[in-house]
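File shown: protein04.csv. Contents: CSV, C-alpha atoms.
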chain,number,residue,atom,x,y,z
B,261,MET,CA,19.5,-0.2,8.5
B,262,ASN,CA,22.9,0.7,10.1
B,263,ASN,CA,25.0,0.7,6.9
B,264,PRO,CA,25.1,4.2,5.4
B,265,SER,CA,26.3,3.0,2.0
B,266,ALA,CA,23.6,0.3,1.8
B,267,GLU,CA,21.0,2.9,2.7
B,268,ARG,CA,22.1,5.2,-0.1
B,269,SER,CA,21.4,2.3,-2.5
B,270,LEU,CA,17.8,2.0,-1.4
B,271,LEU,CA,14.8,3.9,-2.9
B,272,ILE,CA,11.2,3.9,-1.8
B,273,ILE,CA,8.5,4.4,-4.4
B,274,ILE,CA,4.9,5.1,-3.9
B,275,PRO,CA,2.5,5.0,-6.9
B,276,ALA,CA,-0.4,7.2,-6.1
B,277,PHE,CA,-3.6,8.4,-7.8
B,278,ASN,CA,-5.8,10.8,-6.0
B,279,GLU,CA,-4.4,10.0,-2.6
B,280,GLU,CA,-4.1,13.5,-1.1
B,281,ALA,CA,-5.8,12.5,2.1
B,282,SER,CA,-3.2,9.8,2.9
B,283,VAL,CA,0.0,10.1,0.9
B,284,GLY,CA,1.4,12.8,3.2
B,285,LYS,CA,1.0,10.7,6.3
B,286,VAL,CA,2.6,7.7,4.5
B,287,VAL,CA,5.6,9.8,3.4
B,288,THR,CA,6.0,11.1,7.0
B,289,GLU,CA,5.9,7.7,8.5
B,290,ILE,CA,8.5,6.4,6.0
B,291,ARG,CA,10.9,9.2,6.8
B,292,GLU,CA,10.5,8.5,10.5
B,293,VAL,CA,11.3,4.8,10.1
B,294,ILE,CA,14.2,5.3,7.6
B,295,PRO,CA,15.4,8.9,7.8
B,296,GLY,CA,17.7,9.9,4.9
B,297,VAL,CA,16.4,7.3,2.4
B,298,PRO,CA,14.9,9.0,-0.6
B,299,VAL,CA,11.1,8.6,-1.3
B,300,ILE,CA,9.6,9.2,-4.7
B,301,VAL,CA,5.8,9.5,-5.2
B,302,ILE,CA,4.7,8.6,-8.7
B,303,ASP,CA,1.7,10.8,-9.3
B,304,ASP,CA,-0.4,9.1,-11.9
B,305,CYS,CA,-2.0,12.3,-13.3
B,306,SER,CA,-4.0,12.9,-10.1
B,307,ILE,CA,-6.8,15.5,-10.2
B,308,ASP,CA,-6.4,16.4,-6.5
B,309,ALA,CA,-3.5,17.7,-4.5
B,310,THR,CA,-1.6,14.4,-4.2
B,311,ALA,CA,1.6,15.8,-5.7
B,312,SER,CA,1.8,19.0,-3.6
B,313,VAL,CA,0.9,17.1,-0.4
B,314,ALA,CA,3.6,14.5,-1.0
B,315,GLU,CA,6.2,17.3,-1.7
B,316,ALA,CA,5.2,19.1,1.5
B,317,ALA,CA,5.8,15.9,3.4
B,318,GLY,CA,9.3,15.6,2.0
B,319,ALA,CA,9.0,13.3,-0.9
B,320,ARG,CA,10.2,13.9,-4.5
B,321,VAL,CA,7.4,13.6,-7.0
B,322,LEU,CA,7.5,12.1,-10.5
B,323,ARG,CA,4.5,13.6,-12.3
B,324,LEU,CA,3.3,11.5,-15.1
B,325,PRO,CA,2.0,13.4,-18.1
B,326,HIS,CA,-0.8,10.9,-18.8
B,327,HIS,CA,-2.8,8.5,-16.6
B,328,LEU,CA,-1.0,5.1,-17.0
B,329,GLY,CA,-2.7,3.0,-14.3
B,330,LEU,CA,-1.0,1.2,-11.5
B,331,GLY,CA,1.4,-1.0,-13.6
B,332,GLY,CA,2.5,1.9,-15.7
B,333,GLY,CA,3.1,4.1,-12.7
B,334,VAL,CA,5.2,1.4,-10.9
B,335,GLN,CA,7.2,0.7,-14.1
B,336,ALA,CA,7.9,4.4,-14.4
B,337,GLY,CA,9.3,4.3,-10.9
B,338,TYR,CA,11.4,1.2,-11.6
B,339,LYS,CA,12.7,2.7,-14.8
B,340,LEU,CA,13.7,5.9,-13.0
B,341,ALA,CA,15.3,4.0,-10.2
B,342,TYR,CA,17.3,1.8,-12.6
B,343,GLU,CA,18.6,4.8,-14.6
B,344,LEU,CA,19.6,6.6,-11.3
B,345,GLY,CA,21.6,3.5,-10.3
B,346,TYR,CA,19.7,2.3,-7.3
B,347,GLU,CA,20.4,-1.3,-6.1
B,348,TYR,CA,17.2,-1.8,-4.3
B,349,VAL,CA,13.6,-0.5,-4.5
B,350,ILE,CA,10.8,-1.0,-2.1
B,351,ARG,CA,7.3,-0.2,-3.3
B,352,LEU,CA,4.3,0.5,-1.1
B,353,ASP,CA,0.9,2.0,-1.7
B,354,GLY,CA,-0.2,5.5,-1.0
B,355,ASP,CA,-3.4,4.7,0.8
B,356,GLY,CA,-1.7,3.8,4.1
B,357,GLN,CA,-2.5,0.1,4.2
B,358,HIS,CA,1.1,-0.9,4.2
B,359,ASP,CA,2.9,-0.2,7.5
B,360,PRO,CA,6.3,1.5,6.8
B,361,ARG,CA,7.7,0.0,10.0
B,362,ASP,CA,8.0,-3.2,8.0
B,363,ILE,CA,10.3,-1.7,5.4
B,364,PRO,CA,13.5,-2.7,7.3
B,365,ARG,CA,12.3,-6.3,7.3
B,366,ILE,CA,11.8,-6.3,3.6
B,367,TYR,CA,15.1,-4.5,3.0
B,368,GLU,CA,17.0,-6.9,5.3
B,369,ALA,CA,15.7,-9.9,3.3
B,370,LEU,CA,16.8,-8.3,0.1
B,371,LEU,CA,20.3,-7.8,1.5
B,372,THR,CA,20.8,-11.2,3.1
B,373,SER,CA,19.0,-13.5,0.7
B,374,SER,CA,19.8,-14.5,-2.9
B,375,CYS,CA,16.2,-13.6,-4.0
B,376,GLN,CA,15.5,-10.9,-6.6
B,377,MET,CA,12.1,-10.1,-5.0
B,378,VAL,CA,10.8,-9.9,-1.5
B,379,ILE,CA,7.0,-9.8,-0.9
B,380,GLY,CA,5.5,-8.3,2.3
B,381,SER,CA,2.8,-10.9,3.1
B,382,ARG,CA,-0.2,-10.1,5.3
B,383,PHE,CA,-1.1,-13.8,5.6
B,384,ILE,CA,2.0,-15.4,7.1
B,385,GLN,CA,1.2,-14.3,10.7
B,386,GLY,CA,-2.4,-13.4,10.4
B,387,ASN,CA,-1.8,-9.7,9.9
B,388,ALA,CA,-4.5,-9.2,7.3
B,389,VAL,CA,-7.5,-6.9,7.8
B,390,PRO,CA,-10.9,-8.3,6.8
B,391,THR,CA,-11.5,-8.2,3.1
B,392,SER,CA,-14.4,-8.8,0.8
B,393,PHE,CA,-15.6,-12.3,-0.1
B,394,PHE,CA,-14.7,-11.9,-3.7
B,395,ARG,CA,-11.2,-10.5,-3.0
B,396,GLY,CA,-10.5,-13.3,-0.6
B,397,LEU,CA,-11.7,-15.8,-3.1
B,398,GLY,CA,-9.4,-14.3,-5.7
B,399,VAL,CA,-6.4,-14.6,-3.4
B,400,GLN,CA,-7.1,-18.3,-2.8
B,401,PHE,CA,-7.7,-18.9,-6.5
B,402,PHE,CA,-4.4,-17.4,-7.6
B,403,ARG,CA,-2.5,-19.3,-4.9
B,404,LEU,CA,-3.6,-22.5,-6.6
B,405,ILE,CA,-3.0,-21.2,-10.1
B,406,LEU,CA,0.5,-20.0,-9.3
B,407,ARG,CA,1.7,-23.0,-7.3
B,408,PRO,CA,2.6,-25.2,-10.4
B,409,ILE,CA,3.9,-22.3,-12.4
B,410,LEU,CA,6.2,-20.9,-9.7
B,411,GLY,CA,7.1,-24.2,-8.1
B,412,GLN,CA,6.3,-22.9,-4.6
B,413,TRP,CA,3.4,-21.5,-2.7
B,414,VAL,CA,3.0,-17.7,-2.6
B,415,ARG,CA,0.8,-16.7,0.4
B,416,ASP,CA,0.0,-13.2,-0.7
B,417,PRO,CA,0.1,-13.1,-4.5
B,418,THR,CA,-1.7,-9.7,-4.7
B,419,SER,CA,0.5,-7.8,-2.3
B,420,GLY,CA,1.7,-4.4,-3.4
B,421,PHE,CA,4.3,-4.2,-0.6
B,422,VAL,CA,7.3,-5.4,-2.6
B,423,GLY,CA,11.0,-5.1,-2.7
B,424,VAL,CA,13.3,-5.8,-5.7
B,425,ASN,CA,17.0,-5.9,-6.3
B,426,ARG,CA,18.8,-4.5,-9.3
B,427,GLN,CA,18.5,-7.7,-11.3
B,428,ALA,CA,14.7,-7.6,-11.1
B,429,LEU,CA,14.8,-3.8,-11.5
B,430,GLN,CA,16.5,-4.2,-14.9
B,431,VAL,CA,13.8,-6.6,-16.1
B,432,PHE,CA,10.9,-4.6,-14.8
B,433,SER,CA,12.2,-1.3,-16.1
B,434,THR,CA,11.7,-2.7,-19.6
B,435,SER,CA,8.9,-5.3,-19.2
B,436,PHE,CA,6.2,-4.9,-16.6
B,437,PRO,CA,2.5,-5.7,-16.6
B,438,LEU,CA,0.5,-2.5,-17.0
B,439,GLU,CA,-2.7,-3.4,-15.2
B,440,TYR,CA,-3.1,-5.4,-12.0
B,441,PRO,CA,0.7,-6.2,-12.1
B,442,GLU,CA,1.5,-8.1,-9.0
B,443,ILE,CA,0.6,-11.6,-10.1
B,444,GLU,CA,1.9,-11.3,-13.7
B,445,ALA,CA,5.2,-9.8,-12.3
B,446,LEU,CA,5.8,-13.1,-10.5
B,447,VAL,CA,5.4,-15.0,-13.7
B,448,VAL,CA,7.8,-12.6,-15.5
B,449,LEU,CA,10.4,-13.4,-12.7
B,450,GLN,CA,9.8,-17.1,-13.2
B,451,ARG,CA,10.6,-16.8,-16.9
B,452,ARG,CA,14.0,-15.4,-15.9
B,453,ALA,CA,14.6,-18.1,-13.3
B,454,PHE,CA,14.6,-15.5,-10.6
B,455,ARG,CA,13.6,-16.2,-7.0
B,456,PHE,CA,11.3,-14.6,-4.5
B,457,LEU,CA,10.4,-15.0,-0.8
B,458,GLU,CA,7.8,-13.7,1.5
B,459,VAL,CA,8.2,-12.0,4.9
B,460,PRO,CA,5.4,-11.2,7.4
B,461,CYS,CA,4.1,-7.7,7.2
B,462,ARG,CA,1.2,-5.8,8.8
B,463,MET,CA,-1.8,-4.7,6.8
B,464,ARG,CA,-3.9,-1.7,7.9
B,465,ARG,CA,-7.1,-0.2,6.8
B,466,ARG,CA,-7.0,2.5,4.3
B,467,MET,CA,-6.4,5.9,5.9
B,468,ALA,CA,-9.0,7.5,3.7
B,469,GLY,CA,-11.3,6.9,0.7
B,470,ARG,CA,-12.5,3.5,-0.4
B,471,SER,CA,-11.2,0.7,-2.7
B,472,SER,CA,-12.3,1.0,-6.3
B,473,ILE,CA,-12.4,-2.8,-6.6
B,474,THR,CA,-16.1,-3.9,-6.6
B,475,ALA,CA,-17.5,-7.4,-7.0
B,476,VAL,CA,-17.8,-6.9,-10.7
B,477,LYS,CA,-14.2,-5.6,-11.0
B,478,SER,CA,-13.0,-8.5,-8.9
B,479,VAL,CA,-14.3,-10.9,-11.6
B,480,TYR,CA,-12.8,-8.7,-14.3
B,481,TYR,CA,-9.5,-8.7,-12.3
B,482,ILE,CA,-9.4,-12.5,-12.2
B,483,LEU,CA,-10.1,-12.9,-15.9
B,484,HIS,CA,-7.6,-10.2,-16.9
B,485,VAL,CA,-4.8,-11.6,-14.8
B,486,LEU,CA,-5.5,-15.2,-16.0
B,487,LEU,CA,-5.1,-13.9,-19.6
B,488,GLY,CA,-1.9,-12.1,-18.7
B,489,VAL,CA,-0.4,-15.2,-17.0
B,490,PHE,CA,-1.3,-17.3,-20.0
B,491,VAL,CA,0.4,-14.9,-22.4
B,492,ASN,CA,3.5,-14.9,-20.2
B,493,ILE,CA,3.6,-18.7,-20.2
B,494,LEU,CA,3.3,-18.7,-24.0
B,495,LYS,CA,6.2,-16.2,-24.2
B,496,PHE,CA,8.3,-18.4,-22.0
B,497,GLU,CA,7.6,-21.6,-23.9
B,498,ARG,CA,8.4,-19.8,-27.2
B,499,TRP,CA,11.7,-18.5,-25.8
B,500,ARG,CA,12.6,-21.9,-24.4
B,501,TRP,CA,11.8,-23.6,-27.8
B,502,ARG,CA,14.0,-21.1,-29.7
B,503,ARG,CA,16.9,-21.9,-27.5
Please go through the file and, once you have read it, give me the structure as structure tokens.
Amino acid sequence: MNNPSAERSLLIIIPAFNEEASVGKVVTEIREVIPGVPVIVIDDCSIDATASVAEAAGARVLRLPHHLGLGGGVQAGYKLAYELGYEYVIRLDGDGQHDPRDIPRIYEALLTSSCQMVIGSRFIQGNAVPTSFFRGLGVQFFRLILRPILGQWVRDPTSGFVGVNRQALQVFSTSFPLEYPEIEALVVLQRRAFRFLEVPCRMRRRMAGRSSITAVKSVYYILHVLLGVFVNILKFERWRWRR
């Protein structure tokens, strides 16, 4: 992170919904790790003080007028970043599970590889915190589903700690899954013949609150994402046939 011109091309985005108890600490940690790099919190119509806490910590805040969900919030951040001319965007969650000290590792991979996306993986070096049985099962399931589609293994297909370059940014600013986006986004990249890689990153426990993904929602998540993957494959095959 020693090239000032490169740093000016990087933007950090944090989609957040009702994360007032953690988002300020996340922003502070980011600014300590990469001082001078802009941080934008996408406030997804929170009903708590998420926006004001983020601003007090030094972030800019994009306040969405309506609740769009995770995918909609991330796409809003990507669209803004693309319109502002940024070359690279790194996204992490506002609950504190992603360690900002790993941002330089993701950024370095974006700069030195020919990949359009870099995923911060908690499973490469055993850096994952314990998760529920159903969520762990879902990760294993999607690894198997994505292997023949992507042509390579992805160790952490549900990771929200992701960096993209401007090529991927252009695609995602106009076409991005609106709900549970991580896995479908990989399929969207595959349709464009874009490449990704994974780098090891640490995973921490949430700083506050609790996950909204219950056992029932985990089953819904799997079914919903499977449908999204299927639709994206159909779109790809239709596009290839028309060529």
Would you tabulate, counting all atoms listed in the file, all residues of stretch 332-385 of chain B that have an atom at most 10 Å from an atom of stretch 280-287 of chain B, showing the closest pair of atoms and their distance in Å to one decimal, sorted by chain then ascending number, as JSON lines?
{"residue": "B:Leu352", "atom": "CA", "partner": "B:Val286", "partner_atom": "CA", "distance": 9.3}
{"residue": "B:Asp353", "atom": "CA", "partner": "B:Val283", "partner_atom": "CA", "distance": 8.6}
{"residue": "B:Gly354", "atom": "CA", "partner": "B:Val283", "partner_atom": "CA", "distance": 5.0}
{"residue": "B:Asp355", "atom": "CA", "partner": "B:Ser282", "partner_atom": "CA", "distance": 5.5}
{"residue": "B:Gly356", "atom": "CA", "partner": "B:Val286", "partner_atom": "CA", "distance": 5.8}
{"residue": "B:Gln357", "atom": "CA", "partner": "B:Val286", "partner_atom": "CA", "distance": 9.2}
{"residue": "B:His358", "atom": "CA", "partner": "B:Val286", "partner_atom": "CA", "distance": 8.7}
{"residue": "B:Asp359", "atom": "CA", "partner": "B:Val286", "partner_atom": "CA", "distance": 8.5}
{"residue": "B:Pro360", "atom": "CA", "partner": "B:Val286", "partner_atom": "CA", "distance": 7.6}
Generate the output file for the selected residues, C-alpha atoms, as a short mmCIF file (atom, residue, chain, number, x, y, z; two decimals), keeping the file's coordinate frame.
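Dumped to selection_31.cif:
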data_model
loop_
_atom_site.label_atom_id
_atom_site.label_comp_id
_atom_site.auth_asym_id
_atom_site.auth_seq_id
_atom_site.Cartn_x
_atom_site.Cartn_y
_atom_site.Cartn_z
CA LEU B 352 4.30 0.50 -1.10
CA ASP B 353 0.90 2.00 -1.70
CA GLY B 354 -0.20 5.50 -1.00
CA ASP B 355 -3.40 4.70 0.80
CA GLY B 356 -1.70 3.80 4.10
CA GLN B 357 -2.50 0.10 4.20
CA HIS B 358 1.10 -0.90 4.20
CA ASP B 359 2.90 -0.20 7.50
CA PRO B 360 6.30 1.50 6.80
#
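Between atom CA of B:Ile290 and atom CA of B:His327 there is a distance of 25.4 Å.
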Separation of atom CA of B:Arg464 from atom CA of B:Ile366 in Å: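 One can read the atom CA of B:Ile366 to atom CA of B:Arg464 distance as 16.9 Å.
Between atom CA of B:Ser306 and atom CA of B:Phe432 the separation is 23.5 Å.
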Pick from B:Val459, B:Met377, B:Leu397, B:Ala445, whichever lies nearest to B:Gln427 using only C-alpha atoms: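 Answer, going by the shortest atom-to-atom distance: B:Met377.
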Spatial neighbours of stretch 362-365 of chain B, max dist 9 Å, all atoms listed in the file, sep filter under 3 positions, as a PyMOL selection string: chain B and resi 261+290+293-294+350+358-359+368-370+380+421+423+459-462
Radius query 7 Å about (10.9, 10.2, 0.2), atoms used: all atoms listed in the file, as an MDAnalysis selection string: chainID B and resid 272 287 291 297:300 318:320
Residues as selected, C-alpha atoms, written as a PDB file, in the coordinates of the input, can you do that?
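Result written to out.pdb:
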ATOM      1  CA  ILE B 272      11.200   3.900  -1.800  1.00  0.00           C
ATOM      2  CA  VAL B 287       5.600   9.800   3.400  1.00  0.00           C
ATOM      3  CA  ARG B 291      10.900   9.200   6.800  1.00  0.00           C
ATOM      4  CA  VAL B 297      16.400   7.300   2.400  1.00  0.00           C
ATOM      5  CA  PRO B 298      14.900   9.000  -0.600  1.00  0.00           C
ATOM      6  CA  VAL B 299      11.100   8.600  -1.300  1.00  0.00           C
ATOM      7  CA  ILE B 300       9.600   9.200  -4.700  1.00  0.00           C
ATOM      8  CA  GLY B 318       9.300  15.600   2.000  1.00  0.00           C
ATOM      9  CA  ALA B 319       9.000  13.300  -0.900  1.00  0.00           C
ATOM     10  CA  ARG B 320      10.200  13.900  -4.500  1.00  0.00           C
TER      11      ARG B 320
END
Which residue of B:Pro437, B:Ser373, B:Tyr342, B:Leu410 approaches B:Arg452 most closely, using all atoms listed in the file: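 So, comparing all the options, the nearest one is B:Leu410.
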Take the point (-5.9, -18.1, -0.6) in the file's coordinates, draw a sphere of radius 10 Å around it, and report as a PDB file with C-alpha atoms, in the coordinates of the input every protein, DNA or RNA residue with an atom inside or on it, counting only C-alpha atoms.
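Saved the output as selection-v7.pdb:
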ATOM      1  CA  PHE B 383      -1.100 -13.800   5.600  1.00  0.00           C
ATOM      2  CA  ARG B 395     -11.200 -10.500  -3.000  1.00  0.00           C
ATOM      3  CA  GLY B 396     -10.500 -13.300  -0.600  1.00  0.00           C
ATOM      4  CA  LEU B 397     -11.700 -15.800  -3.100  1.00  0.00           C
ATOM      5  CA  GLY B 398      -9.400 -14.300  -5.700  1.00  0.00           C
ATOM      6  CA  VAL B 399      -6.400 -14.600  -3.400  1.00  0.00           C
ATOM      7  CA  GLN B 400      -7.100 -18.300  -2.800  1.00  0.00           C
ATOM      8  CA  PHE B 401      -7.700 -18.900  -6.500  1.00  0.00           C
ATOM      9  CA  PHE B 402      -4.400 -17.400  -7.600  1.00  0.00           C
ATOM     10  CA  ARG B 403      -2.500 -19.300  -4.900  1.00  0.00           C
ATOM     11  CA  LEU B 404      -3.600 -22.500  -6.600  1.00  0.00           C
ATOM     12  CA  VAL B 414       3.000 -17.700  -2.600  1.00  0.00           C
ATOM     13  CA  ARG B 415       0.800 -16.700   0.400  1.00  0.00           C
ATOM     14  CA  ASP B 416       0.000 -13.200  -0.700  1.00  0.00           C
ATOM     15  CA  PRO B 417       0.100 -13.100  -4.500  1.00  0.00           C
TER      16      PRO B 417
END
Residue with smallest distance to B:Thr434 - pool B:Leu322, B:Ile302, B:Pro275, B:Leu340, counting only C-alpha atoms: B:Leu340
Nearest to B:Arg351, chosen from B:Thr372, B:Asn278, B:Asn425, B:Thr288, with all atoms listed in the file counted in the distances: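 Smallest distance to B:Arg351 is found for B:Asn425.
With distances taken over all atoms listed in the file, B:Arg382 is the one residue among B:Arg407, B:Arg382, B:Arg426, B:Arg361 lying closest to B:Glu458.
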